[in-house]
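For reference, the structure is listed below as structure tokens.
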Amino acid sequence: MFIPIEKISDLQEFKKDIFSGKVFVFQKSKTSNDLITQIKNKIQNIYDGEIEKIHYLKNSEDISKDIVSKLKNHEDFRKLFSNFLFEIGYNKGETFWDRFVVRVAPAENNLPYREASRINIHRDTWGTNLYQQINWWAPVSNVEEKNTMIFYPDYFDVPVKNTTSTWDLNIYLANRKKGDFSYPSAPQLKQDLPSNTKMVPVTIKPGEILCFSGAHLHSSSKEKSENTRISFEIRTICENDINSSAQAPNVDCDLQWKFPKIFKKINDNSPLKITS
Ligand SMILES: [Fe+2]
């Protein structure tokens, strides 16, 4: 289900593919390799041990939190990722992005909160109500099936029960500002998927970058693993897609409002506004 790609030759076709559920893997490039090197170097400045084995330390959660907060939206990563978007032919000057996040997912799924923890089944569009949203995700070191990201591709356009009718991004953001992580960071799945549900783990290599619609149903893997996972992620949205209504289907999101304000224009940092 992962389609290898180096450069986008027809942006409109590419978006059409993304919004119909196709998932692309951008191949290693000088820029993507530089990005991985930069992230690794900056992690090492904070913790110089073997980061994948950090879960054996008593204070692993504190170190993870430190890494995540110090590297969040780092200017060097933003610059490289912006170069990457330009080089692959994605950003034509009308792209907005949210924050560049380096995530540290523990070897065990025992932290039900905070950005360092593994994440339950969700669609990113449940958080924003914007169906032009595109996700970028990449491992910083090797990932294994037991601790990576999982797709549930058969549910891309099939509804599942969820809490979007009651969840509010503004409440989450206000609580987070106060250091309160008790409110869920995103709406939750409200049903069990059948045991025979098709699950596709992502095992791409560092330097490769995954690109998919924010409407895909996905999660972190649930198993106990030998390794802590380090990955990065960011979301983008393009003004042209909003204006031309090129978008993924909304099959089950009942959010009352759209939440464009987490997106800022890459070129001038102006906030995304939805007028219609
Ligand atoms: Fe997600």
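In the structure tokens, chains take letters A, B, ... by order of appearance, with residues numbered from 1 within each chain and ligands from 1 in the order shown.
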
Nearby residues, ligand 1, 9 Å, only C-alpha atoms and all ligand atoms, as a list in words: Ile119, Asn120, Ile121, His122, Arg123, Asp124, Thr125, Asn135, Met149, Ala186, Gly214, His216, Leu217, His218, Ser219, Ser220 and Glu233 of chain A

Stretch 62-77 of chain A surroundings by only C-alpha atoms, 8 Å radius, close-in-sequence under 5 positions cut, as a count of residues only: 15

Shell of 10 Å around A:Val160, only C-alpha atoms, local chain residues under 6 positions omitted, as a list in words: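 Surrounding residues, per the criterion: His122, Leu189, Lys190, Gln191, Asp192, Leu193, Leu217, Val251, Asp252 and Cys253 of chain A.
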
For the selection just defined, write its residues with C-alpha atoms to a file, as a tab-separated table (two decimals), in the first residue's frame.
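Once everything was written out, this is result-v5.tsv:
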chain	number	residue	atom	x	y	z
A	122	HIS	CA	-7.87	8.02	15.21
A	189	LEU	CA	-12.61	5.88	18.81
A	190	LYS	CA	-15.80	4.69	20.53
A	191	GLN	CA	-16.01	1.10	19.29
A	192	ASP	CA	-13.86	-2.00	18.96
A	193	LEU	CA	-12.81	-2.81	15.43
A	217	LEU	CA	-7.60	5.81	10.29
A	251	VAL	CA	-17.34	9.79	6.69
A	252	ASP	CA	-17.72	10.12	10.46
A	253	CYS	CA	-16.54	13.46	11.89

Shell of 9 Å around A:Phe212, only C-alpha atoms, local chain residues under 3 positions omitted, as a PyMOL selection string: chain A and resi 18-19+21-25+133-137+215-216

Only N, CA and C atoms, please: the residues just picked out, written as an mmCIF file, in the first residue's frame.
data_model
loop_
_atom_site.group_PDB
_atom_site.id
_atom_site.type_symbol
_atom_site.label_atom_id
_atom_site.label_comp_id
_atom_site.auth_asym_id
_atom_site.auth_seq_id
_atom_site.Cartn_x
_atom_site.Cartn_y
_atom_site.Cartn_z
ATOM 1 N N ILE A 18 -3.821 11.220 -3.061
ATOM 2 C CA ILE A 18 -3.765 11.318 -1.593
ATOM 3 C C ILE A 18 -5.183 11.348 -1.017
ATOM 4 N N PHE A 19 -6.040 12.180 -1.622
ATOM 5 C CA PHE A 19 -7.391 12.349 -1.063
ATOM 6 C C PHE A 19 -8.292 11.149 -1.351
ATOM 7 N N GLY A 21 -6.982 8.181 -0.681
ATOM 8 C CA GLY A 21 -6.486 7.209 0.292
ATOM 9 C C GLY A 21 -5.131 6.597 -0.031
ATOM 10 N N LYS A 22 -4.528 6.989 -1.158
ATOM 11 C CA LYS A 22 -3.203 6.427 -1.470
ATOM 12 C C LYS A 22 -2.156 6.976 -0.490
ATOM 13 N N VAL A 23 -1.164 6.150 -0.203
ATOM 14 C CA VAL A 23 -0.111 6.543 0.738
ATOM 15 C C VAL A 23 1.234 6.472 0.012
ATOM 16 N N PHE A 24 1.973 7.572 0.039
ATOM 17 C CA PHE A 24 3.251 7.646 -0.681
ATOM 18 C C PHE A 24 4.430 7.630 0.281
ATOM 19 N N VAL A 25 5.546 7.101 -0.218
ATOM 20 C CA VAL A 25 6.794 7.140 0.556
ATOM 21 C C VAL A 25 7.847 7.877 -0.273
ATOM 22 N N GLN A 133 -6.255 18.268 4.690
ATOM 23 C CA GLN A 133 -5.057 18.108 5.525
ATOM 24 C C GLN A 133 -4.248 16.882 5.103
ATOM 25 N N ILE A 134 -2.943 17.085 4.995
ATOM 26 C CA ILE A 134 -2.030 16.000 4.606
ATOM 27 C C ILE A 134 -0.992 15.801 5.704
ATOM 28 N N ASN A 135 -0.736 14.553 6.033
ATOM 29 C CA ASN A 135 0.215 14.211 7.105
ATOM 30 C C ASN A 135 1.540 13.733 6.529
ATOM 31 N N TRP A 136 2.611 14.121 7.206
ATOM 32 C CA TRP A 136 3.962 13.661 6.862
ATOM 33 C C TRP A 136 4.515 13.008 8.109
ATOM 34 N N TRP A 137 5.078 11.835 7.951
ATOM 35 C CA TRP A 137 5.579 11.083 9.117
ATOM 36 C C TRP A 137 6.841 10.337 8.700
ATOM 37 N N ALA A 215 -7.206 12.011 6.778
ATOM 38 C CA ALA A 215 -8.457 11.290 7.036
ATOM 39 C C ALA A 215 -8.229 9.796 7.238
ATOM 40 N N HIS A 216 -6.998 9.329 7.040
ATOM 41 C CA HIS A 216 -6.728 7.894 7.238
ATOM 42 C C HIS A 216 -6.899 7.506 8.693
#

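When only C-alpha atoms are used to compute distances to A:Asn227, the closest of the residues A:Ser20, A:Asn45, A:Ser141, A:Asn83 turns out to be A:Ser141.
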